[in-house]
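S.K.: Pasting a structure below so you can have a look.
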Amino acid sequence: MDFFARQDQARRKTKWLVIYFACAVVSIIVMIYGVALIVEFSSAQRHHNYYGAPPPVSLWDPQLFICVTLGALAVIFLGSTYKTMALSGGGSVVAESLGGRLISPNTADPQERKLLNVVEEMSIASGVPMPRVYVLDNEDGINAFAAGHTPSDAAVSVTRNCMTQLSRDELQGVIGHEFSHILNGDMRLNIRLIGLLFGIFCIATIGRILLYTRSGSSRDKNNALPLIGLLLLIIGSLGVFFGRLIQAAVSRQREFLADASSVQFTRNPAGLSGALQKIGARSSVMESPHASDASHLFFASGIANSFLGLTETHPPLEARIRAIDPTWDGKFRSVTEPAEEAELGRQPRAPRPAPPIPMPDILGSVLGGAVLAGGGQAPPVIRPASVMPNLGNPTPLHLKYAEGLRDALPDAVRAAVREPLDATAVMYALLLSSDDSLRTTQLDGLASRVSRSISEKVAALYPDVSKTAAHARLPLVNIAFPALRQLTPGQFSQFSKALEWLIESDGEVDVFEFVIQKIVLRHLDSDFNGARKEVVQYYTLKPLVPDCAVVLSALANVGSDNPDQNARAFATGAPFLRAPENSGLAFLPADQCGIEQLDAALNRLALAVPAIKKNLLEAAAQVVGADGVIQESEAELLRAVADTLDCPMPPLGVSDTEAESVRQA
């Protein structure tokens, strides 16, 4: 199952979630109506005792049923709306509600550094924006979760024992599992589920309040309220039971898929198996009072109680372990501090020295590139047909690439991307012109828009950043996100304005500069302007054909200055869009697919169903690779376009297929 099929499956599960929720609401309304009939009958009988005969009983009272329905719907709707709005901030809100503490990107704690490094590698390898990373200090169990509406506002959280008691390989298996939820589109479904079910849980809360209600002046007047409260509490408890069933129905099978994806990602089943075994020996139960609401998010079951296993949100640990490790002996491993981590805890690990060989050679060796006669590394050969299979399917080679790239960064750059203001300097340096005269003008203009210390930092970082940017601009941007998220609103405003000016300072905006700016501001927008909650609006390609024409034409025009050659590149990719005949899909000249048109087109296309995005990206890959090979700069541009569509694309040229192509070349 590819990335887009998994996204479609997640959308279909959302529809089933609505159906399950509607059934639960109908059941609750019927039960509350039954309680209302009992209360009405009891009240009428009390008033007619003087006449010696009970009043007539009718099981159908339309007026009462309407009142009950409207009242129940109001409570559930208001409760769900309140919770959904409270969670609108994205994954960080969920993490903080469960007691999470945000880890600083420049932390000196060796265990926190280990965790950040693992998440960073997963992020670079998968193409997912670097999520916020939280640690749950007050939890004793071993557990983790990922939450958010989109990859832009995602947060990955682990308990302290998950961070300290698991080896690096085991922790990598757990984080790989959580990243699969991000890639599979599970996060949005999970966070919607929390909001919807909270409305159902409100019925039990109201019942609990009424159960303890007493009148200050006349106890007899309100003596029915505790009884009503008790009945509502019982109904609410049944509502909670239904909610737990929904949580189990939505999440249980996805855990097997996430486990399998993690093993495929890391190629290390022993790591994930070891983590699950340690959970079996210890515990994964969460102590937070909000743990039950979010139980379907966790890596392992976060609550102890279940009703005959029907409400278990996760498969049994034994089944999960055997699915990835058939040779397991059935014994859970005792939790002891791993030797490597014990040493790490006693003595901080010294930073790894920068390799003495040039950055391109490091990347070439990681990519598996061919060795040139002069001793350097040839750029990886990327075939257009290999692009789509990689999307959403990172491999161990991508992890190796991510680790090698991070370790190959110059010390000054690696330190800068972990400090908020220095990280802005790295972003500015990425966009400086290679022309000495123009770069001097840009630095002078930048000095009037930012502080002197930042402009000086930009100039100092440029030599190292420019070498890095030649091969890995997107990974460098990705690594900088945690620090950039720590900017104040005022600093972010200054940063976004300076970034826009810098891009336009050379009198023209190339497509790659624009897309880099769009990625940076788009992923930071959720932090400074609220989380994006994009809703699919386009289910057919027809209304988006003009937008697809803009994107494909813009990519074709990047290839060369020859209009005829660009038109041929467009024609190569257009059939892969699978647009209907006479749809009006046609190559556009450069002045009709400029930055403004491209920005509007990408914004609309981001609201399309996954199938449309899949066809567009497949067509785009064919356009940029019309000559049979996608160059390194074209690959980065293609990945950037995919990122704007919420389709994380791993670094190209890193897969087994590409490595084999290089060897054959």
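Every chain in the structure tokens takes a letter, A first, then B, and so on in the order presented; its residues are numbered from 1, and the ligands are numbered from 1 following the presented order.
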Check the DSSP output for the backbone and give back, as a list in words, the residues of region 530-571 of chain A in helix (DSSP H, G or I).

M.R.: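 Across region 530-571 of chain A, those assigned helix (DSSP H, G or I) are Lys542, Pro543, Leu544, Val545, Pro546, Asp547, Cys548, Ala549, Val550, Val551, Leu552, Ser553, Ala554, Leu555, Ala556, Asn557, Val558, Gly559, Pro563, Asp564, Gln565, Asn566, Ala567, Arg568, Ala569, Phe570 and Ala571 of chain A.
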
S.K.: Mind listing the strand (DSSP E or B) residues of region 29-243 of chain A, per DSSP on the backbone, as a ChimeraX atom specification?

M.R.: /A:100-102,132-136,144-147,155-159

S.K.: Limited to C-alpha atoms, could you put the picked residues into a file as a PDB file, in the first residue's frame?

M.R.:
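Wrote it out as out00.pdb, contents follow:
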ATOM      1  CA  GLY A 100       4.590  17.104  28.312  1.00  0.00           C
ATOM      2  CA  ARG A 101       7.624  19.377  28.522  1.00  0.00           C
ATOM      3  CA  LEU A 102       9.049  20.744  25.290  1.00  0.00           C
ATOM      4  CA  ARG A 132       8.080  19.358  18.316  1.00  0.00           C
ATOM      5  CA  VAL A 133       9.529  16.864  20.792  1.00  0.00           C
ATOM      6  CA  TYR A 134       8.149  16.526  24.323  1.00  0.00           C
ATOM      7  CA  VAL A 135       9.096  14.402  27.310  1.00  0.00           C
ATOM      8  CA  LEU A 136       6.514  13.347  29.913  1.00  0.00           C
ATOM      9  CA  ALA A 144       4.986   7.494  23.379  1.00  0.00           C
ATOM     10  CA  PHE A 145       2.581   9.152  20.942  1.00  0.00           C
ATOM     11  CA  ALA A 146       2.391  11.496  17.964  1.00  0.00           C
ATOM     12  CA  ALA A 147      -0.395  14.055  17.677  1.00  0.00           C
ATOM     13  CA  ALA A 155       4.338  16.757  18.170  1.00  0.00           C
ATOM     14  CA  VAL A 156       6.122  13.564  19.205  1.00  0.00           C
ATOM     15  CA  SER A 157       6.084  12.817  22.931  1.00  0.00           C
ATOM     16  CA  VAL A 158       7.763  10.098  24.975  1.00  0.00           C
ATOM     17  CA  THR A 159       7.712   9.267  28.650  1.00  0.00           C
TER      18      THR A 159
END

S.K.: Which polymer residues have any atom within 10 Å of an atom of Leu230 (chain A), counting only C-alpha atoms, with same-chain residues fewer than 3 positions away left out, as an mmCIF file with C-alpha atoms, in the first residue's frame?

M.R.:
data_model
loop_
_atom_site.group_PDB
_atom_site.id
_atom_site.type_symbol
_atom_site.label_atom_id
_atom_site.label_comp_id
_atom_site.auth_asym_id
_atom_site.auth_seq_id
_atom_site.Cartn_x
_atom_site.Cartn_y
_atom_site.Cartn_z
ATOM 1 C CA ALA A 204 -21.607 11.269 32.344
ATOM 2 C CA ILE A 206 -23.642 16.110 33.915
ATOM 3 C CA GLY A 207 -24.996 12.971 35.602
ATOM 4 C CA ARG A 208 -22.201 13.122 38.182
ATOM 5 C CA ILE A 209 -23.034 16.784 38.932
ATOM 6 C CA LEU A 210 -26.757 16.086 39.336
ATOM 7 C CA LEU A 211 -26.077 13.056 41.522
ATOM 8 C CA TYR A 212 -24.621 15.299 44.231
ATOM 9 C CA ALA A 224 -35.454 13.666 42.048
ATOM 10 C CA LEU A 225 -32.243 15.267 40.800
ATOM 11 C CA PRO A 226 -29.886 12.705 42.382
ATOM 12 C CA LEU A 227 -31.947 9.918 40.828
ATOM 13 C CA LEU A 233 -24.342 8.765 34.992
ATOM 14 C CA ILE A 234 -25.219 5.210 34.040
ATOM 15 C CA ILE A 235 -26.163 6.312 30.519
ATOM 16 C CA GLY A 236 -23.048 8.450 30.346
#

S.K.: Can you pull out every residue within 12 Å of Leu521 (chain A), counting only C-alpha atoms, but drop anything in the same chain fewer than 6 positions away, and send it as a PyMOL selection string?

M.R.: chain A and resi 152+424+427+477+481+484-485+492-493+495-500+514-515+527-529+644

S.K.: Given the selection you just returned, output its residues as a file containing N, CA and C atoms, formatted as an mmCIF file, in the first residue's frame.

M.R.:
data_model
loop_
_atom_site.group_PDB
_atom_site.id
_atom_site.type_symbol
_atom_site.label_atom_id
_atom_site.label_comp_id
_atom_site.auth_asym_id
_atom_site.auth_seq_id
_atom_site.Cartn_x
_atom_site.Cartn_y
_atom_site.Cartn_z
ATOM 1 N N SER A 152 2.768 19.856 9.884
ATOM 2 C CA SER A 152 3.289 21.159 10.307
ATOM 3 C C SER A 152 3.121 21.397 11.803
ATOM 4 N N THR A 424 17.717 31.858 12.147
ATOM 5 C CA THR A 424 17.257 32.804 11.116
ATOM 6 C C THR A 424 18.431 33.217 10.235
ATOM 7 N N MET A 427 18.920 30.660 7.612
ATOM 8 C CA MET A 427 17.930 30.774 6.535
ATOM 9 C C MET A 427 18.282 31.915 5.588
ATOM 10 N N VAL A 477 16.911 23.202 6.264
ATOM 11 C CA VAL A 477 15.705 23.926 6.700
ATOM 12 C C VAL A 477 14.964 23.106 7.744
ATOM 13 N N PHE A 481 13.865 23.992 12.059
ATOM 14 C CA PHE A 481 12.503 24.291 12.491
ATOM 15 C C PHE A 481 12.327 24.381 14.014
ATOM 16 N N LEU A 484 13.555 27.752 15.131
ATOM 17 C CA LEU A 484 12.743 28.842 14.576
ATOM 18 C C LEU A 484 11.396 28.945 15.290
ATOM 19 N N ARG A 485 10.881 27.822 15.780
ATOM 20 C CA ARG A 485 9.602 27.849 16.492
ATOM 21 C C ARG A 485 9.708 28.577 17.829
ATOM 22 N N PHE A 492 9.450 36.690 14.717
ATOM 23 C CA PHE A 492 8.962 35.967 13.543
ATOM 24 C C PHE A 492 8.474 36.933 12.467
ATOM 25 N N SER A 493 7.794 37.990 12.883
ATOM 26 C CA SER A 493 7.322 38.987 11.923
ATOM 27 C C SER A 493 8.501 39.617 11.186
ATOM 28 N N PHE A 495 11.463 38.296 10.829
ATOM 29 C CA PHE A 495 12.082 37.236 10.039
ATOM 30 C C PHE A 495 11.348 37.021 8.720
ATOM 31 N N SER A 496 10.019 36.937 8.770
ATOM 32 C CA SER A 496 9.258 36.676 7.544
ATOM 33 C C SER A 496 9.378 37.832 6.560
ATOM 34 N N LYS A 497 9.390 39.080 7.070
ATOM 35 C CA LYS A 497 9.531 40.232 6.178
ATOM 36 C C LYS A 497 10.926 40.294 5.570
ATOM 37 N N ALA A 498 11.946 40.028 6.376
ATOM 38 C CA ALA A 498 13.314 40.044 5.863
ATOM 39 C C ALA A 498 13.528 38.924 4.853
ATOM 40 N N LEU A 499 12.904 37.777 5.100
ATOM 41 C CA LEU A 499 13.024 36.647 4.177
ATOM 42 C C LEU A 499 12.418 37.007 2.827
ATOM 43 N N GLU A 500 11.243 37.619 2.862
ATOM 44 C CA GLU A 500 10.582 38.017 1.615
ATOM 45 C C GLU A 500 11.419 39.051 0.860
ATOM 46 N N PHE A 514 11.303 30.723 -4.016
ATOM 47 C CA PHE A 514 9.913 30.913 -3.589
ATOM 48 C C PHE A 514 9.421 29.716 -2.779
ATOM 49 N N VAL A 515 9.689 28.509 -3.271
ATOM 50 C CA VAL A 515 9.179 27.324 -2.586
ATOM 51 C C VAL A 515 9.836 27.159 -1.223
ATOM 52 N N ASP A 527 2.519 27.831 14.457
ATOM 53 C CA ASP A 527 3.030 28.270 15.754
ATOM 54 C C ASP A 527 2.670 29.717 16.058
ATOM 55 N N PHE A 528 2.614 30.534 15.022
ATOM 56 C CA PHE A 528 2.431 31.966 15.253
ATOM 57 C C PHE A 528 1.055 32.476 14.831
ATOM 58 N N ASN A 529 0.323 31.701 14.044
ATOM 59 C CA ASN A 529 -0.998 32.146 13.601
ATOM 60 C C ASN A 529 -2.075 31.098 13.802
ATOM 61 N N THR A 644 4.868 21.284 -0.045
ATOM 62 C CA THR A 644 3.772 22.264 0.022
ATOM 63 C C THR A 644 2.410 21.598 -0.110
#

S.K.: Mind checking which residues fall within 7 Å of region 445-461 of chain A, counting only C-alpha atoms, ignoring those fewer than 6 positions away in the same chain, and posting them as a PyMOL selection string?

M.R.: chain A and resi 413+422+425-426+428-429+498

S.K.: Keeping N, CA and C atoms for every residue in the selection just given, could you write it to a file as an mmCIF file, in the first residue's frame?

M.R.:
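Output saved as out-v9.cif:
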data_model
loop_
_atom_site.group_PDB
_atom_site.id
_atom_site.type_symbol
_atom_site.label_atom_id
_atom_site.label_comp_id
_atom_site.auth_asym_id
_atom_site.auth_seq_id
_atom_site.Cartn_x
_atom_site.Cartn_y
_atom_site.Cartn_z
ATOM 1 N N VAL A 413 27.564 25.599 11.591
ATOM 2 C CA VAL A 413 26.190 25.473 11.086
ATOM 3 C C VAL A 413 25.359 24.616 12.027
ATOM 4 N N ASP A 422 20.140 32.559 15.595
ATOM 5 C CA ASP A 422 21.163 32.048 14.691
ATOM 6 C C ASP A 422 20.540 31.215 13.573
ATOM 7 N N ALA A 425 19.612 33.367 10.835
ATOM 8 C CA ALA A 425 20.796 33.722 10.051
ATOM 9 C C ALA A 425 21.123 32.630 9.039
ATOM 10 N N VAL A 426 20.929 31.366 9.423
ATOM 11 C CA VAL A 426 21.164 30.259 8.489
ATOM 12 C C VAL A 426 20.190 30.346 7.318
ATOM 13 N N TYR A 428 18.710 33.041 6.134
ATOM 14 C CA TYR A 428 19.123 34.154 5.274
ATOM 15 C C TYR A 428 20.318 33.739 4.411
ATOM 16 N N ALA A 429 21.289 33.071 5.024
ATOM 17 C CA ALA A 429 22.485 32.669 4.291
ATOM 18 C C ALA A 429 22.146 31.707 3.149
ATOM 19 N N ALA A 498 11.946 40.028 6.376
ATOM 20 C CA ALA A 498 13.314 40.044 5.863
ATOM 21 C C ALA A 498 13.528 38.924 4.853
#

S.K.: Could you list, as a list of chain:residue names, every residue within 9 Å of Asp464 (chain A), counting only C-alpha atoms and ignoring same-chain residues fewer than 2 positions away?

M.R.: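 Residues meeting the cut-off are A:Leu409, A:Pro410, A:Ala412, A:Val413, A:Ala460, A:Leu461, A:Tyr462, A:Ser466, A:Lys467, A:Thr468, A:Ala469.
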
S.K.: Near Pro105 (chain A), counting only C-alpha atoms, which residues have an atom at most 8 Å away, once you skip same-chain residues fewer than 4 positions from it, shown as number ranges by chain?

M.R.: A: 116, 418-419, 482-483

S.K.: Could you check the closest approach to Ala22 (chain A) for each of A:Ile200, A:Leu391, A:Val174, A:Val285 and tell me which residue wins, using only C-alpha atoms?

M.R.: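 Once distances to Ala22 (chain A) are computed over only C-alpha atoms, the minimum belongs to A:Ile200.
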
S.K.: Quick one, how far is CA of Leu438 (chain A) from CA of Val520 (chain A)?

M.R.: 23.4 Å

S.K.: Please determine, counting only C-alpha atoms, which residue among A:Pro475, A:Val39, A:Leu98, A:Val558 has the shortest atom-to-atom distance to Gly302 (chain A).

M.R.: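 Checking each candidate against Gly302 (chain A), we get A:Leu98 as the closest.
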